Protein chains: 2
Amino acid sequence: MRLSSLTDYAVVLLSAAARHCGGLARMNATRLAEETGVPLPTAQKLVSRLAAAGLIDSTRGTGGGIRLSRPPATITLADIIEAVEGPIAMTACVDAGHHDCGIAGNCRVKPHWNAVNRAVRGALAGVTLATLAAEAAAPEMMKVEA
Amino acid sequence: MRLSSLTDYAVVLLSAAARHCGGLARMNATRLAEETGVPLPTAQKLVSRLAAAGLIDSTRGTGGGIRLSRPPATITLADIIEAVEGPIAMTACVDAGHHDCGIAGNCRVKPHWNAVNRAVRGALAGVTLATLAAEAAAPEMMKVEA
DNA sequence: GGCAATCGGAACGAATCGGTCTGATTTGAG
DNA sequence: CTCAAATCAGACCGATTCGTTCCGATTGCC
């Protein structure tokens with residue numbers, strides 16, 4: 001129940017991009033890496049995936065770079081996670097294409113997984129990049145959940 | 001963003017246990033494995049973890065077995081996930097004891113992760129074992145989210 | 001006191017994830 | 001028009017984690 005560190009990096013990179021003129025200015029992966037501390041090769045890899053998912057527009061060549069393809073308020077955490085890790089499927093049952101579950105017919109829990117899936121995805125879709133890029137959080141958010 | 005297959009198995013096992021006399025009758029790992037299709041060694045391992053987490057009471061020796069330590073309605077999906085996978089921490093930042101994040105001070109996203117964490121955990125805590133063990137789901141729940 | 005059955009922990013193998021390197025493509029200057 | 005610099009894009013390799021399997025410790029019955 002932990003999202004990969006690549007996803008964490010992706011959020012950091014996108015937040016940094018969003019903070020620069022609201023993401024309208026053209027950035028490149030190298031500068032984003034320097035600014036955030038994310039290793040450059042990793043940042044390049046993430047840029048590729050995010051571009052493939054349509055979250056950012058990338059332009060090659062000298063003077064090229066990347067840019068958010070949508071306003072930060074319309075990019076949700078669920079979008080970012082799906083772009084980096086693939087579809088949000090809590091169990092293999094839910095993921096289309098994986099029907100090799102040994103339990104199969106006996107599994108009486110399977111019908112409930114989709115509801116769980118939607119609940120989690122809904123929670124993630126409620127967080128936008130605009131929120132994540134905000135400078136300071138409310139004090140209550142600073143408290144570490146023990 | 002997918003919970004491990006062990007967690008999936010744990011939910012199946014606990015649901016099966018809950019269905020037998022509301023979990024009051026004493027079951028053993030072998031029978032649960034036969035009934036659900038979960039491999040026996042895996043079921044045994046899960047029983048150990050669930051017992052260590054206090055979700056079930058286990059008794060060794062001939063005629064021993066396991067039993068839910070609480071009513072199914074008071075056991076949430078979040079409890080099961082934490083028992084099998086450990087604390088629900090979406091990022092390494094949130095998990096206490098892991099402070100080796102290379103970004104550290106520069107990371108302006110970190111304050112927001114706890115809020116995300118609580119949102120996801122809240123969604124999981126809203127699903128109880130009693131719900132998961134119910135025989136049939138509403139028709140809308142059967143629809144696969146493409 | 002011996003035996004059988006059960007849970008509990010430790011070791012092995014496999015798969016996925018993260019990081020690095022090299023190549024293809026485009027723009028700008030000369 | 002040609003060359004060169006800069007950028008994104010894809011392929012390879014090592015490392016960590018996950019899942020499985022096997023063996024030992026403990027308990028109750030005979």
# chains A, B, ... in the order shown; residues from 1 in each chain; ligands from 1
>>> interface_residues(of="chain A", to="chain C", cutoff="9 Å", atoms="only C-alpha atoms (C1' of nucleotides)", output="compact mmCIF listing (two decimals) with N, CA and C atoms, in the first residue's frame")
# COMPACT_ATOMS: atom_id res chain seq x y z
N SER A 4 5.02 3.96 -5.71
CA SER A 4 6.45 3.86 -5.98
C SER A 4 7.12 5.22 -5.84
N SER A 5 8.42 5.18 -5.60
CA SER A 5 9.15 6.43 -5.43
C SER A 5 9.18 7.23 -6.72
N LEU A 6 9.07 6.54 -7.85
CA LEU A 6 9.00 7.26 -9.12
C LEU A 6 7.79 8.17 -9.16
N PRO A 41 18.73 11.46 -14.96
CA PRO A 41 18.21 10.37 -15.80
C PRO A 41 16.80 9.96 -15.39
N THR A 42 16.55 9.96 -14.09
CA THR A 42 15.22 9.62 -13.61
C THR A 42 14.21 10.67 -14.05
N THR A 59 8.82 19.11 -26.37
CA THR A 59 9.34 19.51 -27.67
C THR A 59 10.83 19.23 -27.72
N ARG A 60 11.27 18.53 -28.74
CA ARG A 60 12.68 18.17 -28.85
C ARG A 60 13.49 19.27 -29.54
N GLY A 61 14.79 19.08 -29.46
CA GLY A 61 15.67 20.00 -30.15
C GLY A 61 16.17 21.12 -29.25
N THR A 62 17.11 21.90 -29.80
CA THR A 62 17.67 23.01 -29.05
C THR A 62 16.57 24.01 -28.70
N GLY A 63 16.55 24.41 -27.44
CA GLY A 63 15.54 25.37 -27.01
C GLY A 63 14.19 24.75 -26.78
N GLY A 64 14.13 23.44 -26.87
CA GLY A 64 12.87 22.75 -26.63
C GLY A 64 12.59 22.68 -25.14
>>> closest_atom_pairs(of="chain D", to="chain B", cutoff="9 Å", atoms="only C-alpha atoms (C1' of nucleotides)", output="CSV")
residue,atom,partner,partner_atom,distance
D:DC18,C1',B:Ser4,CA,8.3
D:DG19,C1',B:Leu6,CA,8.2
D:DT20,C1',B:Thr42,CA,7.5
D:DT21,C1',B:Pro41,CA,7.5
D:DT26,C1',B:Arg60,CA,7.1
D:DT27,C1',B:Gly61,CA,4.1
D:DG28,C1',B:Gly61,CA,5.1
D:DC29,C1',B:Thr62,CA,6.9
>>> write_last_selection(atoms="N, CA and C atoms (P, O5', C5', C4', C3', O3' and C1' of nucleotides)", output="PDB file, in the first residue's frame")
ATOM      1  P    DC D  18       7.878  -5.467  -0.240  1.00  0.00           P
ATOM      2  O5'  DC D  18       7.330  -6.730  -1.055  1.00  0.00           O
ATOM      3  C5'  DC D  18       6.928  -6.557  -2.406  1.00  0.00           C
ATOM      4  C4'  DC D  18       6.676  -7.915  -3.053  1.00  0.00           C
ATOM      5  C3'  DC D  18       5.738  -8.825  -2.265  1.00  0.00           C
ATOM      6  O3'  DC D  18       4.691  -9.276  -3.100  1.00  0.00           O
ATOM      7  C1'  DC D  18       7.755  -9.967  -2.804  1.00  0.00           C
ATOM      8  P    DG D  19       3.475 -10.051  -2.463  1.00  0.00           P
ATOM      9  O5'  DG D  19       3.761 -11.591  -2.764  1.00  0.00           O
ATOM     10  C5'  DG D  19       3.891 -12.009  -4.108  1.00  0.00           C
ATOM     11  C4'  DG D  19       4.423 -13.438  -4.163  1.00  0.00           C
ATOM     12  C3'  DG D  19       3.614 -14.444  -3.337  1.00  0.00           C
ATOM     13  O3'  DG D  19       3.152 -15.490  -4.177  1.00  0.00           O
ATOM     14  C1'  DG D  19       5.943 -14.606  -2.840  1.00  0.00           C
ATOM     15  P    DT D  20       2.256 -16.675  -3.557  1.00  0.00           P
ATOM     16  O5'  DT D  20       3.281 -17.882  -3.330  1.00  0.00           O
ATOM     17  C5'  DT D  20       4.136 -18.272  -4.395  1.00  0.00           C
ATOM     18  C4'  DT D  20       5.253 -19.171  -3.886  1.00  0.00           C
ATOM     19  C3'  DT D  20       4.771 -20.414  -3.117  1.00  0.00           C
ATOM     20  O3'  DT D  20       5.031 -21.570  -3.915  1.00  0.00           O
ATOM     21  C1'  DT D  20       6.661 -19.355  -2.073  1.00  0.00           C
ATOM     22  P    DT D  21       4.437 -22.965  -3.411  1.00  0.00           P
ATOM     23  O5'  DT D  21       5.634 -23.580  -2.551  1.00  0.00           O
ATOM     24  C5'  DT D  21       6.946 -23.631  -3.114  1.00  0.00           C
ATOM     25  C4'  DT D  21       7.973 -23.971  -2.035  1.00  0.00           C
ATOM     26  C3'  DT D  21       7.612 -25.190  -1.170  1.00  0.00           C
ATOM     27  O3'  DT D  21       8.573 -26.218  -1.377  1.00  0.00           O
ATOM     28  C1'  DT D  21       8.412 -23.356   0.140  1.00  0.00           C
ATOM     29  P    DT D  26       9.566 -23.669  21.924  1.00  0.00           P
ATOM     30  O5'  DT D  26       8.007 -23.969  21.914  1.00  0.00           O
ATOM     31  C5'  DT D  26       7.106 -23.035  21.301  1.00  0.00           C
ATOM     32  C4'  DT D  26       5.697 -23.598  21.259  1.00  0.00           C
ATOM     33  C3'  DT D  26       5.199 -24.192  22.596  1.00  0.00           C
ATOM     34  O3'  DT D  26       4.014 -23.517  22.977  1.00  0.00           O
ATOM     35  C1'  DT D  26       4.714 -25.637  20.770  1.00  0.00           C
ATOM     36  P    DT D  27       3.435 -23.729  24.476  1.00  0.00           P
ATOM     37  O5'  DT D  27       2.136 -24.622  24.213  1.00  0.00           O
ATOM     38  C5'  DT D  27       1.156 -24.176  23.263  1.00  0.00           C
ATOM     39  C4'  DT D  27       0.254 -25.319  22.861  1.00  0.00           C
ATOM     40  C3'  DT D  27      -0.399 -26.052  24.037  1.00  0.00           C
ATOM     41  O3'  DT D  27      -1.805 -25.910  23.968  1.00  0.00           O
ATOM     42  C1'  DT D  27       0.449 -27.572  22.394  1.00  0.00           C
ATOM     43  P    DG D  28      -2.703 -26.193  25.260  1.00  0.00           P
ATOM     44  O5'  DG D  28      -3.481 -27.535  24.826  1.00  0.00           O
ATOM     45  C5'  DG D  28      -4.324 -27.506  23.685  1.00  0.00           C
ATOM     46  C4'  DG D  28      -4.561 -28.915  23.157  1.00  0.00           C
ATOM     47  C3'  DG D  28      -5.290 -29.850  24.135  1.00  0.00           C
ATOM     48  O3'  DG D  28      -6.352 -30.500  23.468  1.00  0.00           O
ATOM     49  C1'  DG D  28      -3.287 -30.857  23.358  1.00  0.00           C
ATOM     50  P    DC D  29      -7.455 -31.291  24.293  1.00  0.00           P
ATOM     51  O5'  DC D  29      -7.186 -32.793  23.834  1.00  0.00           O
ATOM     52  C5'  DC D  29      -7.421 -33.149  22.465  1.00  0.00           C
ATOM     53  C4'  DC D  29      -6.737 -34.470  22.144  1.00  0.00           C
ATOM     54  C3'  DC D  29      -7.305 -35.687  22.884  1.00  0.00           C
ATOM     55  O3'  DC D  29      -7.613 -36.705  21.948  1.00  0.00           O
ATOM     56  C1'  DC D  29      -4.962 -35.613  23.122  1.00  0.00           C
TER      57       DC D  29
END
>>> closest_atom_pairs(of="chain A", to="chain B", cutoff="6 Å", atoms="only C-alpha atoms", output="JSON lines")
{"residue": "A:Met1", "atom": "CA", "partner": "B:Leu3", "partner_atom": "CA", "distance": 5.3}
{"residue": "A:Arg2", "atom": "CA", "partner": "B:Met90", "partner_atom": "CA", "distance": 4.3}
{"residue": "A:Leu3", "atom": "CA", "partner": "B:Met1", "partner_atom": "CA", "distance": 5.3}
{"residue": "A:Gly37", "atom": "CA", "partner": "B:Ile103", "partner_atom": "CA", "distance": 5.4}
{"residue": "A:Ile88", "atom": "CA", "partner": "B:Met1", "partner_atom": "CA", "distance": 5.8}
{"residue": "A:Ala89", "atom": "CA", "partner": "B:Arg2", "partner_atom": "CA", "distance": 5.7}
{"residue": "A:Met90", "atom": "CA", "partner": "B:Arg2", "partner_atom": "CA", "distance": 4.3}
{"residue": "A:Ile103", "atom": "CA", "partner": "B:Gly37", "partner_atom": "CA", "distance": 5.3}
{"residue": "A:Val109", "atom": "CA", "partner": "B:Leu132", "partner_atom": "CA", "distance": 6.0}
{"residue": "A:Pro111", "atom": "CA", "partner": "B:Met142", "partner_atom": "CA", "distance": 5.6}
{"residue": "A:Ala115", "atom": "CA", "partner": "B:Met141", "partner_atom": "CA", "distance": 6.0}
{"residue": "A:Ala119", "atom": "CA", "partner": "B:Ala123", "partner_atom": "CA", "distance": 5.8}
{"residue": "A:Val120", "atom": "CA", "partner": "B:Val120", "partner_atom": "CA", "distance": 5.8}
{"residue": "A:Ala123", "atom": "CA", "partner": "B:Ala119", "partner_atom": "CA", "distance": 5.8}
{"residue": "A:Leu132", "atom": "CA", "partner": "B:Val109", "partner_atom": "CA", "distance": 5.9}
{"residue": "A:Met141", "atom": "CA", "partner": "B:Ala115", "partner_atom": "CA", "distance": 6.0}
{"residue": "A:Met142", "atom": "CA", "partner": "B:Pro111", "partner_atom": "CA", "distance": 5.7}
>>> write_last_selection(atoms="N, CA, C and O atoms", output="mmCIF file, in the first residue's frame")
data_model
loop_
_atom_site.group_PDB
_atom_site.id
_atom_site.type_symbol
_atom_site.label_atom_id
_atom_site.label_comp_id
_atom_site.auth_asym_id
_atom_site.auth_seq_id
_atom_site.Cartn_x
_atom_site.Cartn_y
_atom_site.Cartn_z
ATOM 1 N N MET A 1 0.844 -1.199 0.000
ATOM 2 C CA MET A 1 0.000 0.000 0.000
ATOM 3 C C MET A 1 0.873 1.241 0.000
ATOM 4 O O MET A 1 0.697 2.133 0.825
ATOM 5 N N ARG A 2 1.826 1.246 -0.868
ATOM 6 C CA ARG A 2 2.676 2.421 -0.990
ATOM 7 C C ARG A 2 2.926 2.650 -2.470
ATOM 8 O O ARG A 2 3.212 1.708 -3.191
ATOM 9 N N LEU A 3 2.839 3.912 -2.882
ATOM 10 C CA LEU A 3 3.089 4.172 -4.294
ATOM 11 C C LEU A 3 4.591 4.289 -4.505
ATOM 12 O O LEU A 3 5.335 4.680 -3.612
ATOM 13 N N GLY A 37 16.188 18.321 -7.163
ATOM 14 C CA GLY A 37 17.091 17.353 -6.569
ATOM 15 C C GLY A 37 16.864 15.936 -7.078
ATOM 16 O O GLY A 37 17.530 15.000 -6.656
ATOM 17 N N ILE A 88 -4.881 2.215 -11.935
ATOM 18 C CA ILE A 88 -5.077 1.995 -10.508
ATOM 19 C C ILE A 88 -5.993 0.795 -10.335
ATOM 20 O O ILE A 88 -7.192 0.884 -10.531
ATOM 21 N N ALA A 89 -5.399 -0.338 -10.020
ATOM 22 C CA ALA A 89 -6.175 -1.562 -9.802
ATOM 23 C C ALA A 89 -5.684 -2.186 -8.515
ATOM 24 O O ALA A 89 -4.569 -2.698 -8.454
ATOM 25 N N MET A 90 -6.509 -2.110 -7.493
ATOM 26 C CA MET A 90 -6.081 -2.574 -6.179
ATOM 27 C C MET A 90 -5.738 -4.054 -6.181
ATOM 28 O O MET A 90 -4.854 -4.506 -5.495
ATOM 29 N N ILE A 103 -8.139 -18.595 -7.533
ATOM 30 C CA ILE A 103 -9.366 -18.786 -6.771
ATOM 31 C C ILE A 103 -10.574 -18.773 -7.684
ATOM 32 O O ILE A 103 -11.466 -19.587 -7.585
ATOM 33 N N VAL A 109 -15.386 -12.630 -2.792
ATOM 34 C CA VAL A 109 -15.032 -11.262 -2.409
ATOM 35 C C VAL A 109 -14.893 -10.373 -3.633
ATOM 36 O O VAL A 109 -15.098 -9.171 -3.579
ATOM 37 N N PRO A 111 -16.608 -9.456 -6.199
ATOM 38 C CA PRO A 111 -17.563 -8.409 -6.582
ATOM 39 C C PRO A 111 -17.379 -7.107 -5.818
ATOM 40 O O PRO A 111 -17.799 -6.047 -6.269
ATOM 41 N N ALA A 115 -15.831 -1.692 -5.910
ATOM 42 C CA ALA A 115 -16.282 -0.599 -5.059
ATOM 43 C C ALA A 115 -15.114 -0.013 -4.285
ATOM 44 O O ALA A 115 -14.976 1.206 -4.157
ATOM 45 N N ALA A 119 -13.515 3.803 -4.500
ATOM 46 C CA ALA A 119 -13.378 4.640 -3.314
ATOM 47 C C ALA A 119 -11.975 5.225 -3.224
ATOM 48 O O ALA A 119 -11.788 6.418 -2.975
ATOM 49 N N VAL A 120 -10.976 4.381 -3.452
ATOM 50 C CA VAL A 120 -9.593 4.844 -3.368
ATOM 51 C C VAL A 120 -9.288 5.824 -4.488
ATOM 52 O O VAL A 120 -8.689 6.890 -4.274
ATOM 53 N N ALA A 123 -10.659 9.187 -3.789
ATOM 54 C CA ALA A 123 -9.870 9.941 -2.819
ATOM 55 C C ALA A 123 -8.668 10.578 -3.493
ATOM 56 O O ALA A 123 -8.305 11.723 -3.206
ATOM 57 N N LEU A 132 -1.263 20.437 -4.550
ATOM 58 C CA LEU A 132 0.050 19.901 -4.199
ATOM 59 C C LEU A 132 1.144 20.946 -4.401
ATOM 60 O O LEU A 132 2.167 20.917 -3.712
ATOM 61 N N MET A 141 -1.977 19.608 8.813
ATOM 62 C CA MET A 141 -1.454 18.656 7.839
ATOM 63 C C MET A 141 -0.008 18.267 8.141
ATOM 64 O O MET A 141 0.501 17.292 7.640
ATOM 65 N N MET A 142 0.612 19.076 8.974
ATOM 66 C CA MET A 142 2.017 18.813 9.276
ATOM 67 C C MET A 142 2.172 17.656 10.263
ATOM 68 O O MET A 142 3.217 17.064 10.393
#
>>> select_by_dssp(residues="segment 15-140 of chain A", states="helix (DSSP H, G or I)", output="ChimeraX atom specification")
/A:15-19,21-23,29-36,40-52,72-74,77-85,104-106,110-125,129-133,139-140
>>> decode(residues="segment 13-24 of chain C", atoms="all heavy atoms", output="compact mmCIF listing (two decimals), in the first residue's frame")
# COMPACT_ATOMS: atom_id res chain seq x y z
P DG C 13 17.77 -21.57 -4.72
OP1 DG C 13 18.08 -22.83 -5.41
OP2 DG C 13 18.83 -20.55 -4.52
O5' DG C 13 16.55 -20.87 -5.46
C5' DG C 13 15.36 -21.62 -5.74
C4' DG C 13 14.28 -20.70 -6.30
O4' DG C 13 13.98 -19.68 -5.32
C3' DG C 13 14.67 -19.97 -7.59
O3' DG C 13 13.71 -20.22 -8.61
C2' DG C 13 14.74 -18.49 -7.19
C1' DG C 13 13.85 -18.43 -5.96
N9 DG C 13 14.28 -17.40 -4.99
C8 DG C 13 15.50 -17.32 -4.36
N7 DG C 13 15.59 -16.30 -3.56
C5 DG C 13 14.37 -15.66 -3.67
C6 DG C 13 13.89 -14.50 -3.04
O6 DG C 13 14.47 -13.77 -2.23
N1 DG C 13 12.58 -14.20 -3.43
C2 DG C 13 11.84 -14.93 -4.32
N2 DG C 13 10.61 -14.49 -4.58
N3 DG C 13 12.29 -16.03 -4.93
C4 DG C 13 13.55 -16.33 -4.55
P DA C 14 13.90 -19.64 -10.06
OP1 DA C 14 13.46 -20.66 -11.02
OP2 DA C 14 15.27 -19.08 -10.14
O5' DA C 14 12.86 -18.43 -10.11
C5' DA C 14 11.51 -18.66 -9.69
C4' DA C 14 10.74 -17.35 -9.65
O4' DA C 14 11.22 -16.54 -8.56
C3' DA C 14 10.85 -16.50 -10.92
O3' DA C 14 9.55 -16.11 -11.34
C2' DA C 14 11.70 -15.31 -10.50
C1' DA C 14 11.44 -15.21 -9.01
N9 DA C 14 12.55 -14.65 -8.24
C8 DA C 14 13.84 -15.09 -8.23
N7 DA C 14 14.62 -14.41 -7.42
C5 DA C 14 13.79 -13.45 -6.88
C6 DA C 14 14.00 -12.41 -5.97
N6 DA C 14 15.19 -12.16 -5.41
N1 DA C 14 12.95 -11.63 -5.63
C2 DA C 14 11.76 -11.89 -6.18
N3 DA C 14 11.43 -12.84 -7.06
C4 DA C 14 12.50 -13.58 -7.37
P DA C 15 9.34 -15.58 -12.82
OP1 DA C 15 8.23 -16.35 -13.42
OP2 DA C 15 10.64 -15.50 -13.50
O5' DA C 15 8.82 -14.10 -12.56
C5' DA C 15 7.78 -13.88 -11.60
C4' DA C 15 7.85 -12.46 -11.07
O4' DA C 15 9.06 -12.28 -10.29
C3' DA C 15 7.88 -11.37 -12.16
O3' DA C 15 6.82 -10.46 -11.95
C2' DA C 15 9.25 -10.71 -12.00
C1' DA C 15 9.58 -10.98 -10.54
N9 DA C 15 11.01 -10.99 -10.24
C8 DA C 15 11.98 -11.76 -10.82
N7 DA C 15 13.19 -11.56 -10.34
C5 DA C 15 13.00 -10.59 -9.38
C6 DA C 15 13.88 -9.94 -8.50
N6 DA C 15 15.18 -10.18 -8.46
N1 DA C 15 13.36 -9.03 -7.66
C2 DA C 15 12.04 -8.78 -7.69
N3 DA C 15 11.11 -9.32 -8.47
C4 DA C 15 11.66 -10.23 -9.29
P DT C 16 6.39 -9.48 -13.13
OP1 DT C 16 4.95 -9.67 -13.37
OP2 DT C 16 7.37 -9.62 -14.24
O5' DT C 16 6.62 -8.05 -12.46
C5' DT C 16 6.14 -7.81 -11.12
C4' DT C 16 7.00 -6.77 -10.44
O4' DT C 16 8.37 -7.25 -10.33
C3' DT C 16 7.09 -5.43 -11.20
O3' DT C 16 6.59 -4.39 -10.37
C2' DT C 16 8.58 -5.26 -11.50
C1' DT C 16 9.24 -6.15 -10.48
N1 DT C 16 10.56 -6.67 -10.90
C2 DT C 16 11.69 -6.38 -10.16
O2 DT C 16 11.66 -5.68 -9.17
N3 DT C 16 12.85 -6.91 -10.65
C4 DT C 16 13.01 -7.70 -11.77
O4 DT C 16 14.11 -8.12 -12.11
C5 DT C 16 11.79 -7.98 -12.50
C7 DT C 16 11.83 -8.82 -13.72
C6 DT C 16 10.64 -7.47 -12.03
P DC C 17 6.44 -2.94 -10.96
OP1 DC C 17 5.22 -2.36 -10.38
OP2 DC C 17 6.62 -2.99 -12.42
O5' DC C 17 7.70 -2.17 -10.33
C5' DC C 17 7.97 -2.32 -8.92
C4' DC C 17 9.31 -1.68 -8.60
O4' DC C 17 10.39 -2.49 -9.10
C3' DC C 17 9.50 -0.27 -9.18
O3' DC C 17 9.96 0.61 -8.18
C2' DC C 17 10.52 -0.48 -10.29
C1' DC C 17 11.31 -1.68 -9.79
N1 DC C 17 11.92 -2.49 -10.87
C2 DC C 17 13.27 -2.87 -10.80
O2 DC C 17 13.93 -2.51 -9.84
N3 DC C 17 13.80 -3.62 -11.79
C4 DC C 17 13.05 -3.99 -12.82
N4 DC C 17 13.61 -4.72 -13.78
C5 DC C 17 11.66 -3.62 -12.91
C6 DC C 17 11.15 -2.88 -11.92
P DG C 18 9.93 2.17 -8.47
OP1 DG C 18 9.40 2.83 -7.26
OP2 DG C 18 9.28 2.37 -9.78
O5' DG C 18 11.47 2.56 -8.61
C5' DG C 18 12.36 2.25 -7.55
C4' DG C 18 13.80 2.37 -8.01
O4' DG C 18 14.07 1.34 -8.99
C3' DG C 18 14.14 3.71 -8.68
O3' DG C 18 15.31 4.26 -8.09
C2' DG C 18 14.36 3.35 -10.14
C1' DG C 18 14.79 1.90 -10.07
N9 DG C 18 14.46 1.12 -11.27
C8 DG C 18 13.23 1.00 -11.87
N7 DG C 18 13.23 0.24 -12.92
C5 DG C 18 14.54 -0.18 -13.04
C6 DG C 18 15.16 -1.03 -13.99
O6 DG C 18 14.65 -1.59 -14.96
N1 DG C 18 16.52 -1.19 -13.73
C2 DG C 18 17.20 -0.62 -12.69
N2 DG C 18 18.50 -0.88 -12.60
N3 DG C 18 16.63 0.18 -11.79
C4 DG C 18 15.31 0.35 -12.02
P DG C 19 15.88 5.66 -8.59
OP1 DG C 19 16.42 6.41 -7.43
OP2 DG C 19 14.84 6.27 -9.43
O5' DG C 19 17.12 5.26 -9.51
C5' DG C 19 18.15 4.44 -8.96
C4' DG C 19 19.21 4.12 -10.00
O4' DG C 19 18.66 3.20 -10.98
C3' DG C 19 19.71 5.34 -10.77
O3' DG C 19 21.13 5.38 -10.72
C2' DG C 19 19.22 5.13 -12.20
C1' DG C 19 18.99 3.63 -12.28
N9 DG C 19 17.86 3.28 -13.16
C8 DG C 19 16.57 3.74 -13.06
N7 DG C 19 15.78 3.26 -13.98
C5 DG C 19 16.60 2.44 -14.73
C6 DG C 19 16.31 1.65 -15.88
O6 DG C 19 15.23 1.53 -16.46
N1 DG C 19 17.43 0.96 -16.33
C2 DG C 19 18.67 1.04 -15.76
N2 DG C 19 19.64 0.31 -16.34
N3 DG C 19 18.97 1.77 -14.70
C4 DG C 19 17.88 2.44 -14.25
P DT C 20 21.94 6.59 -11.38
OP1 DT C 20 23.11 6.88 -10.53
OP2 DT C 20 20.96 7.64 -11.70
O5' DT C 20 22.46 5.96 -12.75
C5' DT C 20 23.13 4.70 -12.73
C4' DT C 20 23.43 4.23 -14.14
O4' DT C 20 22.20 3.80 -14.77
C3' DT C 20 24.02 5.31 -15.05
O3' DT C 20 25.32 4.91 -15.48
C2' DT C 20 23.05 5.41 -16.23
C1' DT C 20 22.25 4.14 -16.14
N1 DT C 20 20.83 4.28 -16.60
C2 DT C 20 20.39 3.51 -17.65
O2 DT C 20 21.09 2.71 -18.22
N3 DT C 20 19.08 3.72 -17.99
C4 DT C 20 18.20 4.60 -17.41
O4 DT C 20 17.06 4.70 -17.80
C5 DT C 20 18.73 5.38 -16.31
C7 DT C 20 17.85 6.36 -15.61
C6 DT C 20 20.00 5.18 -15.96
P DC C 21 26.27 5.89 -16.36
OP1 DC C 21 27.67 5.61 -16.01
OP2 DC C 21 25.72 7.26 -16.23
O5' DC C 21 26.00 5.37 -17.85
C5' DC C 21 26.15 3.97 -18.13
C4' DC C 21 25.52 3.64 -19.49
O4' DC C 21 24.09 3.83 -19.42
C3' DC C 21 26.03 4.51 -20.64
O3' DC C 21 26.72 3.72 -21.59
C2' DC C 21 24.76 5.13 -21.23
C1' DC C 21 23.64 4.26 -20.69
N1 DC C 21 22.36 4.99 -20.50
C2 DC C 21 21.24 4.62 -21.23
O2 DC C 21 21.32 3.68 -22.02
N3 DC C 21 20.08 5.30 -21.05
C4 DC C 21 20.03 6.31 -20.18
N4 DC C 21 18.87 6.94 -20.03
C5 DC C 21 21.16 6.70 -19.42
C6 DC C 21 22.31 6.03 -19.61
P DT C 22 27.57 4.46 -22.76
OP1 DT C 22 28.75 3.62 -23.04
OP2 DT C 22 27.73 5.87 -22.40
O5' DT C 22 26.58 4.38 -24.01
C5' DT C 22 26.09 3.11 -24.45
C4' DT C 22 24.93 3.28 -25.42
O4' DT C 22 23.83 3.94 -24.75
C3' DT C 22 25.23 4.11 -26.67
O3' DT C 22 24.83 3.40 -27.83
C2' DT C 22 24.39 5.37 -26.48
C1' DT C 22 23.24 4.85 -25.65
N1 DT C 22 22.53 5.90 -24.87
C2 DT C 22 21.18 6.07 -25.06
O2 DT C 22 20.53 5.40 -25.84
N3 DT C 22 20.62 7.06 -24.29
C4 DT C 22 21.26 7.87 -23.37
O4 DT C 22 20.64 8.73 -22.75
C5 DT C 22 22.67 7.64 -23.22
C7 DT C 22 23.47 8.47 -22.27
C6 DT C 22 23.23 6.68 -23.97
P DG C 23 25.18 3.98 -29.30
OP1 DG C 23 25.63 2.87 -30.15
OP2 DG C 23 26.03 5.18 -29.13
O5' DG C 23 23.75 4.46 -29.82
C5' DG C 23 22.71 3.49 -30.01
C4' DG C 23 21.38 4.17 -30.32
O4' DG C 23 21.03 5.05 -29.22
C3' DG C 23 21.37 5.04 -31.59
O3' DG C 23 20.20 4.77 -32.34
C2' DG C 23 21.37 6.47 -31.04
C1' DG C 23 20.61 6.30 -29.74
N9 DG C 23 20.90 7.34 -28.74
C8 DG C 23 22.10 7.55 -28.11
N7 DG C 23 22.07 8.55 -27.26
C5 DG C 23 20.76 9.02 -27.34
C6 DG C 23 20.14 10.09 -26.66
O6 DG C 23 20.61 10.85 -25.82
N1 DG C 23 18.80 10.22 -27.05
C2 DG C 23 18.16 9.43 -27.96
N2 DG C 23 16.88 9.71 -28.20
N3 DG C 23 18.73 8.43 -28.60
C4 DG C 23 20.03 8.29 -28.25
P DA C 24 20.14 5.20 -33.89
OP1 DA C 24 19.80 4.01 -34.70
OP2 DA C 24 21.36 5.98 -34.18
O5' DA C 24 18.89 6.19 -33.90
C5' DA C 24 17.62 5.73 -33.45
C4' DA C 24 16.65 6.89 -33.29
O4' DA C 24 17.11 7.75 -32.21
C3' DA C 24 16.51 7.79 -34.52
O3' DA C 24 15.14 8.10 -34.73
C2' DA C 24 17.33 9.02 -34.16
C1' DA C 24 17.17 9.10 -32.66
N9 DA C 24 18.29 9.74 -31.98
C8 DA C 24 19.62 9.39 -32.04
N7 DA C 24 20.40 10.15 -31.31
C5 DA C 24 19.53 11.06 -30.73
C6 DA C 24 19.74 12.14 -29.85
N6 DA C 24 20.95 12.48 -29.39
N1 DA C 24 18.66 12.85 -29.47
C2 DA C 24 17.46 12.50 -29.94
N3 DA C 24 17.14 11.51 -30.77
C4 DA C 24 18.23 10.82 -31.13
